[in-house]
$ cat query-v4.txt   # compact mmCIF, C-alpha atoms
# COMPACT_ATOMS: atom_id res chain seq x y z
CA MET A 1 -13.31 -14.74 5.81
CA THR A 2 -11.93 -16.92 3.04
CA SER A 3 -11.05 -15.01 -0.10
CA LEU A 4 -12.41 -16.06 -3.49
CA VAL A 5 -8.78 -16.01 -4.61
CA ASP A 6 -6.18 -18.35 -3.14
CA VAL A 7 -3.95 -15.84 -1.39
CA THR A 8 -0.89 -18.09 -1.28
CA THR A 9 -1.07 -18.64 -5.02
CA LEU A 10 -1.43 -14.91 -5.69
CA ALA A 11 1.47 -14.20 -3.32
CA HIS A 12 3.74 -16.47 -5.33
CA VAL A 13 2.64 -14.79 -8.56
CA LEU A 14 3.91 -11.49 -7.13
CA ARG A 15 7.18 -13.13 -6.08
CA ARG A 16 7.80 -14.61 -9.53
CA ALA A 17 7.17 -11.24 -11.15
CA ALA A 18 9.64 -9.61 -8.78
CA GLN A 19 12.30 -12.23 -9.41
CA THR A 20 12.01 -12.23 -13.19
CA GLU A 21 11.01 -8.66 -14.11
CA ILE A 22 11.92 -6.34 -11.23
CA LEU A 23 15.06 -7.45 -9.41
CA PRO A 24 17.10 -8.06 -12.59
CA ARG A 25 16.50 -4.40 -13.50
CA PHE A 26 17.25 -2.91 -10.07
CA ARG A 27 20.18 -0.47 -10.47
CA ARG A 28 20.42 -1.56 -14.10
CA LEU A 29 17.84 0.73 -15.72
CA GLY A 30 18.91 2.67 -18.78
CA SER A 31 17.85 6.25 -19.40
CA ASP A 32 15.16 5.05 -21.81
CA ASP A 33 13.76 2.68 -19.17
CA ILE A 34 12.48 5.49 -16.89
CA ARG A 35 9.73 7.95 -17.79
CA ALA A 36 7.82 10.64 -15.91
CA LYS A 37 4.03 10.51 -15.81
CA SER A 38 2.14 13.32 -14.07
CA GLU A 39 5.25 15.08 -12.70
CA ALA A 40 9.00 14.67 -12.38
CA THR A 41 8.73 12.52 -9.24
CA ASP A 42 5.87 10.34 -10.58
CA LEU A 43 7.81 7.72 -12.50
CA VAL A 44 7.20 4.53 -14.42
CA THR A 45 9.94 2.13 -15.44
CA GLU A 46 10.35 -0.82 -17.73
CA ALA A 47 10.19 -3.01 -14.62
CA ASP A 48 6.75 -1.64 -13.63
CA GLU A 49 5.28 -2.34 -17.04
CA ARG A 50 6.83 -5.77 -17.56
CA ALA A 51 5.94 -6.95 -14.04
CA GLU A 52 2.34 -5.80 -14.43
CA ARG A 53 2.00 -7.57 -17.78
CA MET A 54 3.28 -10.79 -16.24
CA ILE A 55 1.00 -10.55 -13.20
CA LYS A 56 -2.00 -9.69 -15.37
CA ALA A 57 -1.38 -12.71 -17.59
CA GLU A 58 -1.16 -15.01 -14.56
CA VAL A 59 -4.28 -13.52 -12.94
CA SER A 60 -6.21 -13.91 -16.20
CA ARG A 61 -5.16 -17.56 -16.39
CA LEU A 62 -5.86 -18.43 -12.76
CA TRP A 63 -8.93 -16.27 -12.12
CA PRO A 64 -10.43 -15.38 -15.52
CA GLU A 65 -13.61 -14.09 -13.88
CA ALA A 66 -11.73 -11.36 -11.97
CA LEU A 67 -11.51 -7.74 -13.06
CA PHE A 68 -7.81 -6.85 -13.18
CA ILE A 69 -6.86 -3.33 -12.15
CA GLY A 70 -3.19 -2.40 -12.25
CA GLU A 71 -1.59 0.98 -11.81
CA GLU A 72 -0.16 0.99 -15.31
CA SER A 73 -3.33 -0.46 -16.83
CA VAL A 74 -5.31 2.44 -15.37
CA ALA A 75 -2.72 4.89 -16.66
CA ALA A 76 -3.52 3.55 -20.13
CA ASP A 77 -7.30 3.27 -19.55
CA PRO A 78 -8.64 5.40 -16.66
CA SER A 79 -12.16 4.04 -17.17
CA LEU A 80 -11.05 0.81 -15.47
CA LEU A 81 -11.36 2.47 -12.06
CA LYS A 82 -15.08 3.06 -12.56
CA LYS A 83 -15.65 -0.69 -12.82
CA LEU A 84 -14.24 -1.47 -9.38
CA GLN A 85 -17.25 -0.54 -7.28
CA ASP A 86 -19.60 -2.90 -9.14
CA ALA A 87 -17.22 -5.79 -9.71
CA ASP A 88 -18.13 -9.15 -8.17
CA LEU A 89 -14.42 -9.93 -7.97
CA ALA A 90 -11.42 -7.72 -8.66
CA ILE A 91 -7.67 -8.04 -8.19
CA ILE A 92 -5.83 -4.74 -7.81
CA VAL A 93 -2.06 -4.65 -8.33
CA ASP A 94 0.78 -2.20 -7.86
CA PRO A 95 3.67 -3.87 -9.70
CA VAL A 96 6.33 -1.62 -8.17
CA ASP A 97 5.24 0.49 -5.24
CA GLY A 98 7.97 3.02 -4.54
CA THR A 99 9.00 3.45 -8.18
CA PHE A 100 10.88 6.66 -7.34
CA ASN A 101 13.04 4.68 -4.89
CA PHE A 102 13.46 1.82 -7.35
CA ALA A 103 14.58 4.17 -10.12
CA ALA A 104 16.98 5.90 -7.73
CA GLY A 105 18.56 2.63 -6.65
CA ILE A 106 17.09 2.80 -3.13
CA PRO A 107 16.14 -0.69 -1.87
CA ALA A 108 12.73 0.33 -0.51
CA PHE A 109 10.04 -0.84 -2.92
CA GLY A 110 7.42 -3.56 -2.97
CA VAL A 111 4.81 -5.42 -4.98
CA MET A 112 1.23 -5.16 -3.74
CA ALA A 113 -2.05 -6.84 -4.54
CA SER A 114 -5.51 -6.78 -3.02
CA VAL A 115 -8.65 -8.79 -3.62
CA VAL A 116 -11.99 -6.98 -3.66
CA SER A 117 -15.33 -8.78 -3.61
CA LYS A 118 -18.59 -6.85 -4.05
CA GLY A 119 -17.10 -3.57 -2.86
CA GLU A 120 -15.16 -4.98 0.10
CA THR A 121 -11.44 -5.64 0.42
CA VAL A 122 -11.14 -9.28 1.47
CA ALA A 123 -7.39 -9.90 1.08
CA GLY A 124 -4.16 -7.96 0.83
CA ILE A 125 -0.55 -8.90 0.06
CA ILE A 126 2.66 -6.88 0.22
CA PHE A 127 5.79 -8.60 -1.09
CA ASP A 128 9.25 -7.23 -0.33
CA PRO A 129 11.58 -8.30 -3.18
CA MET A 130 14.72 -7.39 -1.23
CA GLY A 131 13.75 -9.31 1.90
CA ASP A 132 11.96 -12.07 -0.05
CA ASP A 133 8.94 -12.26 2.23
CA TRP A 134 5.29 -11.27 2.34
CA VAL A 135 3.00 -9.46 4.74
CA LEU A 136 -0.54 -10.57 4.04
CA ALA A 137 -4.04 -10.70 5.45
CA GLU A 138 -7.48 -12.08 4.76
CA ARG A 139 -10.39 -10.25 6.35
CA GLY A 140 -11.08 -11.64 9.81
CA SER A 141 -7.96 -13.82 9.91
CA GLY A 142 -5.24 -11.52 11.22
CA ALA A 143 -2.11 -10.14 9.56
CA TRP A 144 0.92 -12.32 8.99
CA LEU A 145 4.56 -12.20 7.95
CA ARG A 146 5.28 -15.22 5.76
CA ARG A 147 8.58 -16.42 4.35
CA PRO A 148 9.05 -18.70 1.31
CA ASP A 149 10.09 -21.62 3.56
CA GLY A 150 6.67 -21.49 5.24
CA GLU A 151 7.75 -19.76 8.44
CA THR A 152 4.87 -17.55 9.59
CA LEU A 153 4.64 -14.85 12.27
CA ARG A 154 1.49 -13.06 13.38
CA LEU A 155 1.73 -9.25 13.31
CA ASN A 156 0.37 -6.80 15.86
CA VAL A 157 0.55 -3.03 16.06
CA ALA A 158 2.54 -1.25 18.75
CA PRO A 159 0.98 -0.23 22.08
CA SER A 160 -0.34 3.33 22.28
CA VAL A 161 1.84 6.08 23.76
CA PRO A 162 1.32 9.79 24.56
CA LEU A 163 1.22 12.33 21.73
CA GLU A 164 4.77 13.54 22.31
CA GLU A 165 6.12 9.98 22.00
CA LEU A 166 4.34 9.04 18.79
CA VAL A 167 6.46 7.93 15.84
CA GLY A 168 4.98 7.63 12.39
CA MET A 169 4.89 8.48 8.71
CA ALA A 170 3.01 11.18 6.86
CA ALA A 171 2.90 11.78 3.11
CA THR A 172 2.62 15.55 3.38
CA GLY A 173 3.42 16.25 -0.28
CA PHE A 174 -0.17 15.64 -1.35
CA LEU A 175 -1.81 17.80 1.33
CA PRO A 176 -3.65 20.92 0.14
CA LYS A 177 -1.08 23.69 -0.19
CA GLU A 178 -3.06 26.05 2.06
CA LYS A 179 -2.97 23.49 4.92
CA ARG A 180 0.47 21.96 4.43
CA ALA A 181 2.45 24.43 6.54
CA GLU A 182 -0.06 24.13 9.39
CA ILE A 183 0.05 20.32 9.38
CA MET A 184 3.84 20.23 9.18
CA GLY A 185 3.98 22.63 12.09
CA ASN A 186 1.61 20.41 14.06
CA LEU A 187 3.90 17.44 13.47
CA ALA A 188 6.33 19.07 15.89
CA LYS A 189 3.98 17.80 18.61
CA VAL A 190 4.94 14.17 17.95
CA ARG A 191 8.31 12.55 18.58
CA TYR A 192 9.20 11.78 14.99
CA THR A 193 7.66 11.68 11.54
CA THR A 194 9.09 10.56 8.22
CA CYS A 195 8.09 9.25 4.79
CA TYR A 196 9.61 6.33 2.91
CA ARG A 197 7.94 7.28 -0.40
CA CYS A 198 6.78 3.67 -0.42
CA ALA A 199 3.40 2.79 1.06
CA ALA A 200 4.28 -0.91 0.89
CA HIS A 201 7.05 -0.54 3.46
CA GLU A 202 5.18 2.03 5.51
CA TYR A 203 2.24 -0.34 5.99
CA ARG A 204 4.59 -3.21 6.76
CA THR A 205 6.34 -1.09 9.36
CA LEU A 206 3.10 -0.17 11.11
CA ALA A 207 1.71 -3.72 11.05
CA GLY A 208 5.00 -4.97 12.46
CA GLY A 209 4.65 -2.74 15.52
CA TYR A 210 7.42 -0.23 14.79
CA VAL A 211 5.44 3.00 14.29
CA HIS A 212 2.17 4.37 15.63
CA TYR A 213 0.52 6.11 12.69
CA LEU A 214 0.40 6.64 8.94
CA MET A 215 -1.23 9.51 7.04
CA TYR A 216 -2.06 9.80 3.34
CA ASN A 217 -4.12 12.29 1.39
CA LYS A 218 -3.91 10.87 -2.14
CA LEU A 219 -5.83 7.60 -2.33
CA MET A 220 -5.37 5.21 -5.23
CA PRO A 221 -6.58 1.65 -4.66
CA TRP A 222 -3.31 -0.04 -5.63
CA ASP A 223 -1.45 2.08 -3.07
CA HIS A 224 -3.72 1.54 -0.06
CA LEU A 225 -6.24 -1.30 -0.21
CA ALA A 226 -3.79 -4.05 0.71
CA GLY A 227 -2.06 -2.01 3.40
CA ALA A 228 -5.28 -0.72 4.95
CA LEU A 229 -6.61 -4.26 5.37
CA ILE A 230 -3.29 -5.55 6.70
CA SER A 231 -3.18 -2.65 9.17
CA ALA A 232 -6.73 -3.31 10.37
CA GLU A 233 -6.03 -7.02 10.74
CA SER A 234 -2.94 -6.25 12.83
CA GLY A 235 -5.13 -4.21 15.19
CA ALA A 236 -4.96 -0.68 13.77
CA TYR A 237 -7.81 1.82 13.50
CA VAL A 238 -8.19 2.80 9.83
CA ARG A 239 -10.46 5.66 8.77
CA ARG A 240 -10.71 8.53 6.33
CA PHE A 241 -10.31 12.02 7.80
CA ASP A 242 -14.07 12.38 8.34
CA GLY A 243 -14.11 9.18 10.41
CA SER A 244 -15.78 7.04 7.74
CA PRO A 245 -14.48 3.61 6.73
CA TYR A 246 -12.11 3.45 3.77
CA LEU A 247 -13.71 1.54 0.87
CA PRO A 248 -12.20 0.31 -2.41
CA HIS A 249 -13.89 2.94 -4.57
CA HIS A 250 -12.72 5.91 -2.47
CA LEU A 251 -10.22 8.13 -4.24
CA ASP A 252 -10.31 11.10 -1.86
CA GLY A 253 -11.05 11.98 1.74
CA GLY A 254 -7.57 11.19 3.04
CA LEU A 255 -6.57 8.27 5.23
CA LEU A 256 -5.33 8.17 8.81
CA VAL A 257 -4.14 4.89 10.31
CA ALA A 258 -3.29 4.64 14.00
CA VAL A 259 -2.61 1.91 16.52
CA ASP A 260 -5.99 2.40 18.18
CA LYS A 261 -9.07 4.63 18.08
CA ASP A 262 -7.91 6.93 20.89
CA THR A 263 -4.60 7.59 19.12
CA TRP A 264 -6.47 8.18 15.85
CA GLU A 265 -8.72 10.76 17.49
CA LEU A 266 -5.78 12.44 19.22
CA LEU A 267 -3.85 12.78 15.95
CA ARG A 268 -6.90 13.97 14.08
CA ARG A 269 -7.55 16.67 16.67
CA GLU A 270 -3.99 17.83 17.39
CA VAL A 271 -2.04 17.20 14.19
CA PHE A 272 -4.03 16.42 11.07
CA THR A 273 -6.45 19.35 11.33
CA LEU A 274 -7.82 19.22 7.80

$ encode --input "query-v4.txt" --output "structure tokens"
Amino acid sequence: MTSLVDVTTLAHVLRRAAQTEILPRFRRLGSDDIRAKSEATDLVTEADERAERMIKAEVSRLWPEALFIGEESVAADPSLLKKLQDADLAIIVDPVDGTFNFAAGIPAFGVMASVVSKGETVAGIIFDPMGDDWVLAERGSGAWLRRPDGETLRLNVAPSVPLEELVGMAATGFLPKEKRAEIMGNLAKVRYTTCYRCAAHEYRTLAGGYVHYLMYNKLMPWDHLAGALISAESGAYVRRFDGSPYLPHHLDGGLLVAVDKDTWELLRREVFTL
């Protein structure tokens, strides 16, 4: 499927925002440049806000017909989210995914964008400012690693392995408190689980064939639309906990991503028993 938005052009918009607004502030933020939002670990920085303003201005110039939804724009106007389901064309942006890492000086953060047309995610982009490359996908066209010099590599998920050999990532902090201890106990059944606190790099890691599963409970479109599409296009099985497809307007229901359907069902039955 060809997106209504030129994905290469949008990818370079993200790169320019990273180079001009994000990287110059990495490990150079002042105390007044970092603020907490909903809790002490939910942060926004001057880089988030400036990068989003730049990307929004470019999107408005290039695709004036598109609804723009950015993480910080929604923080200022939550009603924007309600417009997504009915939008003919929308571009959803996370200007700095992994803000906690960015603020802490940890080089694991990314810039993400997705394109939604009539309720369906048709393109996704994850840019890594530190590595200066993109992982991107258009629906039906596979997932790709692309470098600024044009070098391109197709991405595929890892082969399936038994439960006790599975390696993956689980964002357990947003699980219901009454189930968290049970799920964390169940994770002893797999070989290894971790969390980067950065969905951008977690999705890149799965699509690149290095881990077998990802699990999230909190669903915001800027965090997951791009990565879910990229994962699916690299061969992964992507579903909410009840087995239903993940759609752009979904804000709950959890998300489990695995290298294939059998692995998804195994993890859902043995580990993520919500």

$ residues_around --input "query-v4.txt" --residues "Pro162 in chain A" --least-positions-apart "6" --cutoff "10 Å" --atoms "only C-alpha atoms" --output "count of residues only"
4

$ axis_aligned_box --input "query-v4.txt" --around "range 214-223 of chain A" --padding-each-side "3 Å" --output "JSON"
{"center_x": -3.1, "center_y": 6.1, "center_z": 1.7, "size_x": 13.0, "size_y": 18.3, "size_z": 20.6}

$ atom_distance --input "query-v4.txt" --atom1 "CA of Ala171 in chain A" --atom2 "CA of Arg204 in chain A"
15.5 Å

$ closest_residue --input "query-v4.txt" --among "A:Ala104, A:Asp77, A:Met130, A:Lys82" --to "Ala18 in chain A" --atoms "all atoms listed in the file"
A:Met130

$ atom_distance --input "query-v4.txt" --atom1 "CA of Arg53 in chain A" --atom2 "CA of Pro107 in chain A"
22.4 Å

$ closest_residue --input "query-v4.txt" --among "A:His249, A:Arg147, A:Arg28, A:Lys56" --to "Val13 in chain A" --atoms "only C-alpha atoms"
A:Lys56

$ residues_around --input "query-v4.txt" --residues "Gly168 in chain A" --least-positions-apart "6" --cutoff "7 Å" --atoms "all atoms listed in the file" --output "PyMOL selection string"
chain A and resi 192-194+211-214

$ residues_near_point --input "query-v4.txt" --point "(13.8, 9.6, -14.0)" --cutoff "8 Å" --atoms "all atoms listed in the file" --output "MDAnalysis selection string"
chainID A and resid 31 34:36 40:41 43 100 103:104

$ atom_distance --input "query-v4.txt" --atom1 "CA of Ile183 in chain A" --atom2 "CA of Thr273 in chain A"
6.9 Å

$ residues_around --input "query-v4.txt" --residues "Ala75 in chain A" --least-positions-apart "5" --cutoff "10 Å" --atoms "all atoms listed in the file" --output "list of chain:residue names"
A:Lys37, A:Gly70, A:Leu80

$ residues_around --input "query-v4.txt" --residues "Ala236 in chain A" --least-positions-apart "2" --cutoff "7 Å" --atoms "only C-alpha atoms" --output "list in words"
Val157, Ser231, Ala232, Ser234, Val238, Val257, Ala258, Val259 and Asp260 of chain A

$ residues_around --input "query-v4.txt" --residues "Val111 in chain A" --least-positions-apart "5" --cutoff "12 Å" --atoms "only C-alpha atoms" --output "ChimeraX atom specification"
/A:10-19,21-23,47-48,51-52,55,70-71,92-99,102,124-136,198-201,204,222-223,226-227

$ write_last_selection --input "query-v4.txt" --atoms "C-alpha atoms" --output "compact mmCIF listing (two decimals), in the coordinates of the input"
# COMPACT_ATOMS: atom_id res chain seq x y z
CA LEU A 10 -1.43 -14.91 -5.69
CA ALA A 11 1.47 -14.20 -3.32
CA HIS A 12 3.74 -16.47 -5.33
CA VAL A 13 2.64 -14.79 -8.56
CA LEU A 14 3.91 -11.49 -7.13
CA ARG A 15 7.18 -13.13 -6.08
CA ARG A 16 7.80 -14.61 -9.53
CA ALA A 17 7.17 -11.24 -11.15
CA ALA A 18 9.64 -9.61 -8.78
CA GLN A 19 12.30 -12.23 -9.41
CA GLU A 21 11.01 -8.66 -14.11
CA ILE A 22 11.92 -6.34 -11.23
CA LEU A 23 15.06 -7.45 -9.41
CA ALA A 47 10.19 -3.01 -14.62
CA ASP A 48 6.75 -1.64 -13.63
CA ALA A 51 5.94 -6.95 -14.04
CA GLU A 52 2.34 -5.80 -14.43
CA ILE A 55 1.00 -10.55 -13.20
CA GLY A 70 -3.19 -2.40 -12.25
CA GLU A 71 -1.59 0.98 -11.81
CA ILE A 92 -5.83 -4.74 -7.81
CA VAL A 93 -2.06 -4.65 -8.33
CA ASP A 94 0.78 -2.20 -7.86
CA PRO A 95 3.67 -3.87 -9.70
CA VAL A 96 6.33 -1.62 -8.17
CA ASP A 97 5.24 0.49 -5.24
CA GLY A 98 7.97 3.02 -4.54
CA THR A 99 9.00 3.45 -8.18
CA PHE A 102 13.46 1.82 -7.35
CA GLY A 124 -4.16 -7.96 0.83
CA ILE A 125 -0.55 -8.90 0.06
CA ILE A 126 2.66 -6.88 0.22
CA PHE A 127 5.79 -8.60 -1.09
CA ASP A 128 9.25 -7.23 -0.33
CA PRO A 129 11.58 -8.30 -3.18
CA MET A 130 14.72 -7.39 -1.23
CA GLY A 131 13.75 -9.31 1.90
CA ASP A 132 11.96 -12.07 -0.05
CA ASP A 133 8.94 -12.26 2.23
CA TRP A 134 5.29 -11.27 2.34
CA VAL A 135 3.00 -9.46 4.74
CA LEU A 136 -0.54 -10.57 4.04
CA CYS A 198 6.78 3.67 -0.42
CA ALA A 199 3.40 2.79 1.06
CA ALA A 200 4.28 -0.91 0.89
CA HIS A 201 7.05 -0.54 3.46
CA ARG A 204 4.59 -3.21 6.76
CA TRP A 222 -3.31 -0.04 -5.63
CA ASP A 223 -1.45 2.08 -3.07
CA ALA A 226 -3.79 -4.05 0.71
CA GLY A 227 -2.06 -2.01 3.40

$ closest_residue --input "query-v4.txt" --among "A:Ser79, A:Thr8, A:Asn217, A:Asn156" --to "Thr205 in chain A" --atoms "only C-alpha atoms"
A:Asn156
